[in-house]
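For reference, the structure discussed in these notes is given below.
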Amino acid sequence: MERTSFSSSLFLCLLLVAIFSSSPSLVRCDDPYRFFTWNVTYGDIYPLGVKQQGILINGQFPGPQIEAVTNDNLIINVFNSLSEPFLISWNGIQQRRNSWEDGVYGTNCAIPPGKNFTYILQVKDQIGSYFYFPSLAFHKAAGGFGSIRVLSRPMIPVPFSPPAGDYTILAGDWFKANHTDLQTILDSGHDLPFPDGLLINGQGLNGNVFTVEQGKMYRFRISNVGLASSINVRFQGHTMTLVEVEGSHTVQNTYDSLDVHLGQSYSVLVIMDQPAQDYYIAISTRFTDPVLTSAAILHYSNSASSPVGLPPGGPTDEIDWSLNQARSIRRNLTSSGPRPNPQGSYHYGLINTTRTIRLANSPPVINDKQRYAVNSVSFIPSDTPLKIADFYNIPGVFTLGSIPDNPTYGGGYLQTSVMAADFRDYIEIIFENSENYVQSWHIDGYSFFVVGMDGGQWTPASRDNYNLRDAVARSTVQVYPQSWTAIYISLDNMGMWNIRSENWARQYLGQQFYLRVYSPTHSSRDELPIPRNAILCGRASGRRTRPL
């Protein structure tokens with residue numbers, strides 16, 4: 001349930017002004033508040049025709065859509081009616097100055113069964129297409145995810161005409177087994193089986209119908225919310241014009257099909273310029289054997305016939321094709337982003353980097369169990385969220401520097417891995433993938449510039465081919481097999497931030513770590529204080545947040 005109320009917003013704003021009277025700059029009364037109340041429950045779902053235990057939000061699978069405008073404040077009261085702890089994280093929402101609300105176990109204590117927690121977020125200086133998901137245990141395999149749309153403010157120009165409709169496609173692979181069974185497989189030291197199928201908005205083949213009018217243009221926001229597989233998306237008989245990638249307006253290239261890797265989000269425009277009939281919106285897995293396929297129906301409102309034939313096939317294992325498409329996705333330098341100034345006014349390629357971090361994924365076997373690692377370190381959660389332990393100076397929870405800046409190529413080992421970084425540094429990160437599987441990496445709290453990707457081993461000479469002019473800025477990026485991907489990132493957001501694999505089994509089994517972006521100058525201009533309603537657990541139990 002969503003509620004936007006001027007009177008409620010005004011009251012809350014006046015209350016915040018009173019609370020933060022010593023720091024009035026923390027309160028922006030001109031930014032609207034949107035209120036949501038969510039009840040998280042178990043429920044029976046049948047996405048592939050088999051009864052499963054799903055995680056529902058307000059009885060919905062997928063969960064309700066969040067629609068906001070740049071700088072809106074989102075007050076989301078989450079009631080956990082499950083029998084186990086629960087958290088929600090917000091893929092791509094940057095949580096400016098506020099990693100306290102990130103919703104991963106490194107930053108937040110879980111919501112206990114039968115309790116509630118109110119997230120207080122602001123979509124500060126953001127536009128675009130994102131999604132939320134449950135971050136604990138293996139809950140993501142049961143649902144609990146939904147879409148997030150952040151619209152431009154009315155005074156900010158958008159580089160395309162208003163579409164006749166705006167649709168969401170949450171697509172991804174799916175398992176018929178319950179999430180608890182999948183988690184048991186991983187805990188026993190084995191990898192997951194091959195997925196059983198693909199879903200579009202929680203439904204299997206032809207389970208969704210998108211109704212359109214002939215001759216009009218529609219926007220489709222596509223997110224890969226799956227667990228293990230990259231996907232390719234196609235609109236039968238139609239082309240797609242790419243306009244936005246995770247908050248960046250792009251050069252408006254036209255594609256017949258589009259690869260969407262794990263955790264990624266895209267916006268495309270599709271003109272309904274074909275004869276009046278129904279068509280398939282087809283998705284299929286990439287780089288898998290066998291190839292899974294599913295589809296939804298694109299229904300022309302004046303159609304009198306069903307789609308012709310089978311859903312159209314797409315690319316399967318062509319890595320070079322996918323790499324070339326990824327390189328073609330570039331930032332629109334002349335269009336506005338969340339602010340009126342052009343996206344190209346930030347000259348990221350002219351800034352000197354102060355540090356290079358190389359991150360290599362690997363699949364070690366540790367203690368006779370399959371694990372996954374970054375620079376040989378396989379992450380294990382601590383008994384206390386890292387951000388909370390850091391705030392209270394609780395010793396023994398983590399050690400800064402417990403993951404090296406460069407690959408060691410040695411045997412894997414278990415560690416609560418945290419890397420130290422300085423606030424406002426401008427750094428280069430190289431993701432190196434020597435395995436035969438596509439990797440997908442996400443960084444919470446940030447949008448970064450994808451300056452290069454190629455096959456083989458990265459060397460300093462690889463910088464000669466970096467795109468230092470119009471690289472797309474995003475929060476999730478793929479790394480192809482036996483390849484590397486390079487990004488530039490400005491560490492302008494203090495906090496404790498999760499860097500993780502979007503392959504959910506790999507993430508669960510250790511392919512993640514935390515980046516502590518820190519400044520010795522403690523100022524509310526740089527980082528918000530701990531929320532008064534923060535749940536405290538582990539070694540922080542019994543402590544107080546801060547006085548009224």
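How things are named: the first chain in the structure tokens is A, the next is B, and so on; residues count from 1 in each chain; ligands count from 1 in the order shown.
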When DSSP works through the backbone of this structure, what residues of region 125-217 of chain A end up as helix (DSSP H, G or I), shown as a ChimeraX atom specification?
/A:139-142,179-187
Next, the residues of the selection above should be written as an mmCIF file, in the first residue's frame with C-alpha atoms.
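The resulting file, again31.cif, is shown below:
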data_model
loop_
_atom_site.group_PDB
_atom_site.id
_atom_site.type_symbol
_atom_site.label_atom_id
_atom_site.label_comp_id
_atom_site.auth_asym_id
_atom_site.auth_seq_id
_atom_site.Cartn_x
_atom_site.Cartn_y
_atom_site.Cartn_z
ATOM 1 C CA HIS A 139 14.992 -15.783 0.094
ATOM 2 C CA LYS A 140 15.490 -14.326 -3.370
ATOM 3 C CA ALA A 141 14.701 -17.777 -4.795
ATOM 4 C CA ALA A 142 11.206 -17.491 -3.288
ATOM 5 C CA HIS A 179 14.215 -21.802 -1.492
ATOM 6 C CA THR A 180 14.927 -23.774 1.688
ATOM 7 C CA ASP A 181 15.827 -26.855 -0.349
ATOM 8 C CA LEU A 182 18.130 -24.814 -2.575
ATOM 9 C CA GLN A 183 19.813 -23.333 0.481
ATOM 10 C CA THR A 184 20.322 -26.824 1.917
ATOM 11 C CA ILE A 185 22.088 -27.871 -1.299
ATOM 12 C CA LEU A 186 24.464 -24.923 -1.008
ATOM 13 C CA ASP A 187 25.054 -25.436 2.711
#
Might you pull out every residue within 10 Å of Pro385 (chain A), with only C-alpha atoms counted and same-chain residues fewer than 3 positions away left off, and present them as a PDB file with all heavy atoms, in the first residue's frame?
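And here's part30.pdb as it stands now:
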ATOM      1  N   VAL A 104      21.341  -4.890   3.634  1.00  0.00           N
ATOM      2  CA  VAL A 104      22.122  -6.123   3.547  1.00  0.00           C
ATOM      3  C   VAL A 104      22.707  -6.405   4.938  1.00  0.00           C
ATOM      4  O   VAL A 104      22.781  -5.503   5.782  1.00  0.00           O
ATOM      5  CB  VAL A 104      23.241  -6.032   2.491  1.00  0.00           C
ATOM      6  CG1 VAL A 104      22.646  -6.008   1.095  1.00  0.00           C
ATOM      7  CG2 VAL A 104      24.106  -4.792   2.713  1.00  0.00           C
ATOM      8  N   TYR A 105      23.134  -7.652   5.172  1.00  0.00           N
ATOM      9  CA  TYR A 105      23.512  -7.994   6.537  1.00  0.00           C
ATOM     10  C   TYR A 105      24.779  -7.274   6.987  1.00  0.00           C
ATOM     11  O   TYR A 105      25.023  -7.150   8.191  1.00  0.00           O
ATOM     12  CB  TYR A 105      23.664  -9.506   6.712  1.00  0.00           C
ATOM     13  CG  TYR A 105      23.763  -9.859   8.181  1.00  0.00           C
ATOM     14  CD1 TYR A 105      22.655  -9.700   9.014  1.00  0.00           C
ATOM     15  CD2 TYR A 105      24.965 -10.286   8.745  1.00  0.00           C
ATOM     16  CE1 TYR A 105      22.736  -9.984  10.368  1.00  0.00           C
ATOM     17  CE2 TYR A 105      25.054 -10.570  10.104  1.00  0.00           C
ATOM     18  CZ  TYR A 105      23.930 -10.413  10.903  1.00  0.00           C
ATOM     19  OH  TYR A 105      24.012 -10.684  12.248  1.00  0.00           O
ATOM     20  N   GLY A 106      25.581  -6.777   6.073  1.00  0.00           N
ATOM     21  CA  GLY A 106      26.745  -6.000   6.471  1.00  0.00           C
ATOM     22  C   GLY A 106      26.392  -4.629   7.016  1.00  0.00           C
ATOM     23  O   GLY A 106      27.243  -3.977   7.634  1.00  0.00           O
ATOM     24  N   THR A 107      25.159  -4.186   6.815  1.00  0.00           N
ATOM     25  CA  THR A 107      24.762  -2.859   7.287  1.00  0.00           C
ATOM     26  C   THR A 107      23.593  -2.887   8.258  1.00  0.00           C
ATOM     27  O   THR A 107      23.451  -1.963   9.065  1.00  0.00           O
ATOM     28  CB  THR A 107      24.371  -1.952   6.100  1.00  0.00           C
ATOM     29  OG1 THR A 107      23.283  -2.561   5.371  1.00  0.00           O
ATOM     30  CG2 THR A 107      25.540  -1.752   5.149  1.00  0.00           C
ATOM     31  N   ASN A 108      22.740  -3.893   8.190  1.00  0.00           N
ATOM     32  CA  ASN A 108      21.500  -3.896   8.958  1.00  0.00           C
ATOM     33  C   ASN A 108      21.316  -5.208   9.714  1.00  0.00           C
ATOM     34  O   ASN A 108      21.570  -6.287   9.159  1.00  0.00           O
ATOM     35  CB  ASN A 108      20.276  -3.722   8.049  1.00  0.00           C
ATOM     36  CG  ASN A 108      20.219  -2.362   7.386  1.00  0.00           C
ATOM     37  OD1 ASN A 108      20.891  -2.127   6.390  1.00  0.00           O
ATOM     38  ND2 ASN A 108      19.415  -1.471   7.942  1.00  0.00           N
ATOM     39  N   CYS A 109      20.824  -5.107  10.956  1.00  0.00           N
ATOM     40  CA  CYS A 109      20.322  -6.293  11.639  1.00  0.00           C
ATOM     41  C   CYS A 109      19.000  -6.688  10.996  1.00  0.00           C
ATOM     42  O   CYS A 109      18.214  -5.833  10.574  1.00  0.00           O
ATOM     43  CB  CYS A 109      20.109  -6.005  13.119  1.00  0.00           C
ATOM     44  SG  CYS A 109      21.631  -5.704  14.042  1.00  0.00           S
ATOM     45  N   ALA A 110      18.759  -7.981  10.937  1.00  0.00           N
ATOM     46  CA  ALA A 110      17.550  -8.482  10.289  1.00  0.00           C
ATOM     47  C   ALA A 110      16.305  -8.087  11.083  1.00  0.00           C
ATOM     48  O   ALA A 110      16.356  -7.877  12.301  1.00  0.00           O
ATOM     49  CB  ALA A 110      17.630  -9.991  10.154  1.00  0.00           C
ATOM     50  N   PRO A 381      29.682 -14.171   6.891  1.00  0.00           N
ATOM     51  CA  PRO A 381      29.070 -13.095   7.684  1.00  0.00           C
ATOM     52  C   PRO A 381      29.582 -13.121   9.124  1.00  0.00           C
ATOM     53  O   PRO A 381      29.928 -14.172   9.669  1.00  0.00           O
ATOM     54  CB  PRO A 381      27.571 -13.409   7.631  1.00  0.00           C
ATOM     55  CG  PRO A 381      27.408 -14.362   6.486  1.00  0.00           C
ATOM     56  CD  PRO A 381      28.692 -15.126   6.393  1.00  0.00           C
ATOM     57  N   SER A 382      29.609 -11.963   9.727  1.00  0.00           N
ATOM     58  CA  SER A 382      29.960 -11.853  11.140  1.00  0.00           C
ATOM     59  C   SER A 382      28.700 -11.981  11.987  1.00  0.00           C
ATOM     60  O   SER A 382      27.586 -12.039  11.469  1.00  0.00           O
ATOM     61  CB  SER A 382      30.624 -10.498  11.395  1.00  0.00           C
ATOM     62  OG  SER A 382      29.707  -9.447  11.065  1.00  0.00           O
ATOM     63  N   ILE A 388      27.318  -1.471  11.911  1.00  0.00           N
ATOM     64  CA  ILE A 388      26.979  -1.235  13.316  1.00  0.00           C
ATOM     65  C   ILE A 388      28.193  -1.456  14.210  1.00  0.00           C
ATOM     66  O   ILE A 388      28.468  -0.671  15.128  1.00  0.00           O
ATOM     67  CB  ILE A 388      25.797  -2.133  13.719  1.00  0.00           C
ATOM     68  CG1 ILE A 388      24.531  -1.667  12.986  1.00  0.00           C
ATOM     69  CG2 ILE A 388      25.586  -2.126  15.220  1.00  0.00           C
ATOM     70  CD1 ILE A 388      23.317  -2.544  13.207  1.00  0.00           C
ATOM     71  N   ALA A 389      28.959  -2.507  13.935  1.00  0.00           N
ATOM     72  CA  ALA A 389      30.181  -2.749  14.703  1.00  0.00           C
ATOM     73  C   ALA A 389      31.165  -1.603  14.545  1.00  0.00           C
ATOM     74  O   ALA A 389      31.841  -1.198  15.512  1.00  0.00           O
ATOM     75  CB  ALA A 389      30.821  -4.062  14.270  1.00  0.00           C
ATOM     76  N   ASP A 390      31.243  -1.060  13.342  1.00  0.00           N
ATOM     77  CA  ASP A 390      32.137   0.060  13.083  1.00  0.00           C
ATOM     78  C   ASP A 390      31.698   1.296  13.870  1.00  0.00           C
ATOM     79  O   ASP A 390      32.511   2.000  14.460  1.00  0.00           O
ATOM     80  CB  ASP A 390      32.151   0.350  11.581  1.00  0.00           C
ATOM     81  CG  ASP A 390      33.353   1.159  11.149  1.00  0.00           C
ATOM     82  OD1 ASP A 390      34.367   1.150  11.866  1.00  0.00           O
ATOM     83  OD2 ASP A 390      33.271   1.793  10.076  1.00  0.00           O
ATOM     84  N   VAL A 397      35.049  -7.950  15.196  1.00  0.00           N
ATOM     85  CA  VAL A 397      34.007  -8.275  14.218  1.00  0.00           C
ATOM     86  C   VAL A 397      34.600  -8.371  12.816  1.00  0.00           C
ATOM     87  O   VAL A 397      34.281  -9.290  12.055  1.00  0.00           O
ATOM     88  CB  VAL A 397      32.873  -7.233  14.263  1.00  0.00           C
ATOM     89  CG1 VAL A 397      31.843  -7.503  13.160  1.00  0.00           C
ATOM     90  CG2 VAL A 397      32.201  -7.251  15.631  1.00  0.00           C
ATOM     91  N   PHE A 398      35.447  -7.433  12.466  1.00  0.00           N
ATOM     92  CA  PHE A 398      36.119  -7.483  11.159  1.00  0.00           C
ATOM     93  C   PHE A 398      37.450  -6.766  11.280  1.00  0.00           C
ATOM     94  O   PHE A 398      37.701  -6.017  12.236  1.00  0.00           O
ATOM     95  CB  PHE A 398      35.256  -6.844  10.064  1.00  0.00           C
ATOM     96  CG  PHE A 398      35.089  -5.345  10.186  1.00  0.00           C
ATOM     97  CD1 PHE A 398      35.988  -4.472   9.581  1.00  0.00           C
ATOM     98  CD2 PHE A 398      34.026  -4.803  10.899  1.00  0.00           C
ATOM     99  CE1 PHE A 398      35.835  -3.096   9.694  1.00  0.00           C
ATOM    100  CE2 PHE A 398      33.853  -3.434  11.010  1.00  0.00           C
ATOM    101  CZ  PHE A 398      34.766  -2.575  10.407  1.00  0.00           C
ATOM    102  N   MET A 496      29.467   1.745   4.502  1.00  0.00           N
ATOM    103  CA  MET A 496      29.922   0.362   4.366  1.00  0.00           C
ATOM    104  C   MET A 496      29.135  -0.240   3.205  1.00  0.00           C
ATOM    105  O   MET A 496      27.911  -0.414   3.296  1.00  0.00           O
ATOM    106  CB  MET A 496      29.662  -0.409   5.658  1.00  0.00           C
ATOM    107  CG  MET A 496      30.238  -1.806   5.683  1.00  0.00           C
ATOM    108  SD  MET A 496      32.033  -1.867   5.946  1.00  0.00           S
ATOM    109  CE  MET A 496      32.171  -1.364   7.673  1.00  0.00           C
ATOM    110  N   LEU A 536      19.341  -3.324  16.715  1.00  0.00           N
ATOM    111  CA  LEU A 536      20.676  -3.683  17.184  1.00  0.00           C
ATOM    112  C   LEU A 536      20.698  -5.154  17.581  1.00  0.00           C
ATOM    113  O   LEU A 536      19.803  -5.636  18.265  1.00  0.00           O
ATOM    114  CB  LEU A 536      21.080  -2.802  18.364  1.00  0.00           C
ATOM    115  CG  LEU A 536      21.117  -1.297  18.075  1.00  0.00           C
ATOM    116  CD1 LEU A 536      21.555  -0.527  19.309  1.00  0.00           C
ATOM    117  CD2 LEU A 536      22.028  -0.984  16.887  1.00  0.00           C
ATOM    118  N   CYS A 537      21.721  -5.848  17.152  1.00  0.00           N
ATOM    119  CA  CYS A 537      21.806  -7.296  17.364  1.00  0.00           C
ATOM    120  C   CYS A 537      23.255  -7.685  17.581  1.00  0.00           C
ATOM    121  O   CYS A 537      24.163  -6.849  17.555  1.00  0.00           O
ATOM    122  CB  CYS A 537      21.220  -8.040  16.155  1.00  0.00           C
ATOM    123  SG  CYS A 537      22.073  -7.672  14.599  1.00  0.00           S
ATOM    124  N   GLY A 538      23.481  -8.984  17.769  1.00  0.00           N
ATOM    125  CA  GLY A 538      24.844  -9.477  17.947  1.00  0.00           C
ATOM    126  C   GLY A 538      25.529  -8.795  19.114  1.00  0.00           C
ATOM    127  O   GLY A 538      24.956  -8.603  20.188  1.00  0.00           O
ATOM    128  N   ARG A 539      26.757  -8.365  18.921  1.00  0.00           N
ATOM    129  CA  ARG A 539      27.524  -7.728  19.990  1.00  0.00           C
ATOM    130  C   ARG A 539      27.062  -6.303  20.265  1.00  0.00           C
ATOM    131  O   ARG A 539      27.535  -5.671  21.220  1.00  0.00           O
ATOM    132  CB  ARG A 539      29.009  -7.744  19.633  1.00  0.00           C
ATOM    133  CG  ARG A 539      29.550  -9.143  19.392  1.00  0.00           C
ATOM    134  CD  ARG A 539      31.048  -9.132  19.171  1.00  0.00           C
ATOM    135  NE  ARG A 539      31.455 -10.238  18.316  1.00  0.00           N
ATOM    136  CZ  ARG A 539      32.715 -10.505  17.985  1.00  0.00           C
ATOM    137  NH1 ARG A 539      33.688  -9.744  18.447  1.00  0.00           N
ATOM    138  NH2 ARG A 539      32.991 -11.527  17.187  1.00  0.00           N
ATOM    139  N   ALA A 540      26.157  -5.791  19.437  1.00  0.00           N
ATOM    140  CA  ALA A 540      25.604  -4.453  19.687  1.00  0.00           C
ATOM    141  C   ALA A 540      24.299  -4.499  20.459  1.00  0.00           C
ATOM    142  O   ALA A 540      23.729  -3.447  20.765  1.00  0.00           O
ATOM    143  CB  ALA A 540      25.383  -3.729  18.356  1.00  0.00           C
TER     144      ALA A 540
END
Region 314-364 of chain A near region 257-264 of chain A within 9 Å: what's each residue's closest atom pair and its distance in Å to one decimal, counting only C-alpha atoms, ordered by chain then ascending residue number, as JSON lines?
{"residue": "A:Gly314", "atom": "CA", "partner": "A:Ser257", "partner_atom": "CA", "distance": 7.2}
{"residue": "A:Pro315", "atom": "CA", "partner": "A:Ser257", "partner_atom": "CA", "distance": 8.4}
{"residue": "A:Ser322", "atom": "CA", "partner": "A:Asp259", "partner_atom": "CA", "distance": 6.8}
{"residue": "A:Gln325", "atom": "CA", "partner": "A:Leu258", "partner_atom": "CA", "distance": 8.1}
{"residue": "A:Ala326", "atom": "CA", "partner": "A:Asp259", "partner_atom": "CA", "distance": 8.3}
Write out as a ChimeraX atom specification the set of residues from region 147-387 of chain A that DSSP, computed on the backbone, places in strand (DSSP E).
/A:147-151,165-174,197-200,209-212,217-224,231-235,240-245,248-249,254-255,257-260,265-271,278-285,293-300,355-362,365-366,369-370,373-374,377-379
Within 6 Å of region 91-100 of chain A using only C-alpha atoms, minus same-chain residues under 5 positions, as a VMD selection string
chain A and resid 107 130 to 132 445 to 446 475 493 to 495 526 to 528
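Taking only C-alpha atoms into account, Ser129 (chain A) lies nearest to A:Ser248 out of the set A:Gln60, A:Thr384, A:Ser541, A:Ser248.
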Considering only C-alpha atoms, return as a PDB file with C-alpha atoms, in the first residue's frame whatever protein or nucleic-acid residues lie within 8 Å of Val251 (chain A), sequence-local ones (same chain, fewer than 5 positions apart) excluded.
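File produced: result-v1.pdb:
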ATOM      1  CA  LEU A 242      17.693   1.729 -25.790  1.00  0.00           C
ATOM      2  CA  VAL A 243      17.172   4.939 -23.774  1.00  0.00           C
ATOM      3  CA  ILE A 329      26.023   1.063 -25.026  1.00  0.00           C
ATOM      4  CA  ARG A 330      27.213   4.613 -24.421  1.00  0.00           C
ATOM      5  CA  ARG A 331      26.123   7.605 -22.388  1.00  0.00           C
ATOM      6  CA  ASN A 332      24.087  10.371 -24.013  1.00  0.00           C
TER       7      ASN A 332
END
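We find CA of Gln457 (chain A) and CA of Ser230 (chain A) to be spaced 22.6 Å apart.
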Near region 37-42 of chain A, within 9 Å and counting only C-alpha atoms, which residues show up once chain neighbours fewer than 3 positions away are dropped, as a ChimeraX atom specification?
/A:1-3,53-59,64,75-83,86,116,118,144
Correct to one decimal, the distance CA of Phe235 (chain A)-CA of Ser265 (chain A) is 16.7 Å
Give me the region 127-178 of chain A side of the contact with region 276-291 of chain A, cut-off 12 Å, one line per residue showing its nearest atom pair and distance in Å at one decimal, counting only C-alpha atoms, sorted by chain and residue number, as JSON lines.
{"residue": "A:Ile169", "atom": "CA", "partner": "A:Ile281", "partner_atom": "CA", "distance": 10.0}
{"residue": "A:Leu170", "atom": "CA", "partner": "A:Ile283", "partner_atom": "CA", "distance": 11.1}
{"residue": "A:Ala171", "atom": "CA", "partner": "A:Ile283", "partner_atom": "CA", "distance": 8.1}
{"residue": "A:Gly172", "atom": "CA", "partner": "A:Thr285", "partner_atom": "CA", "distance": 8.6}
{"residue": "A:Asp173", "atom": "CA", "partner": "A:Thr285", "partner_atom": "CA", "distance": 8.0}
{"residue": "A:Trp174", "atom": "CA", "partner": "A:Thr285", "partner_atom": "CA", "distance": 11.4}
Restrict the selected residues to N, CA, C and O atoms and save them as an mmCIF file, in the first residue's frame.
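Resulting contents of part-v5.cif:
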data_model
loop_
_atom_site.group_PDB
_atom_site.id
_atom_site.type_symbol
_atom_site.label_atom_id
_atom_site.label_comp_id
_atom_site.auth_asym_id
_atom_site.auth_seq_id
_atom_site.Cartn_x
_atom_site.Cartn_y
_atom_site.Cartn_z
ATOM 1 N N ILE A 169 9.148 -5.303 -16.941
ATOM 2 C CA ILE A 169 9.402 -6.727 -17.153
ATOM 3 C C ILE A 169 10.473 -7.161 -16.156
ATOM 4 O O ILE A 169 11.639 -6.782 -16.272
ATOM 5 N N LEU A 170 10.052 -7.914 -15.137
ATOM 6 C CA LEU A 170 10.986 -8.535 -14.204
ATOM 7 C C LEU A 170 11.168 -9.975 -14.648
ATOM 8 O O LEU A 170 10.277 -10.805 -14.483
ATOM 9 N N ALA A 171 12.317 -10.255 -15.243
ATOM 10 C CA ALA A 171 12.543 -11.562 -15.860
ATOM 11 C C ALA A 171 13.731 -12.248 -15.208
ATOM 12 O O ALA A 171 14.620 -11.598 -14.655
ATOM 13 N N GLY A 172 13.739 -13.573 -15.299
ATOM 14 C CA GLY A 172 14.882 -14.304 -14.781
ATOM 15 C C GLY A 172 14.610 -15.788 -14.675
ATOM 16 O O GLY A 172 13.475 -16.251 -14.848
ATOM 17 N N ASP A 173 15.677 -16.524 -14.390
ATOM 18 C CA ASP A 173 15.535 -17.975 -14.255
ATOM 19 C C ASP A 173 14.870 -18.315 -12.932
ATOM 20 O O ASP A 173 14.794 -17.505 -12.004
ATOM 21 N N TRP A 174 14.363 -19.559 -12.855
ATOM 22 C CA TRP A 174 13.584 -19.970 -11.688
ATOM 23 C C TRP A 174 13.760 -21.462 -11.455
ATOM 24 O O TRP A 174 13.967 -22.230 -12.390
#
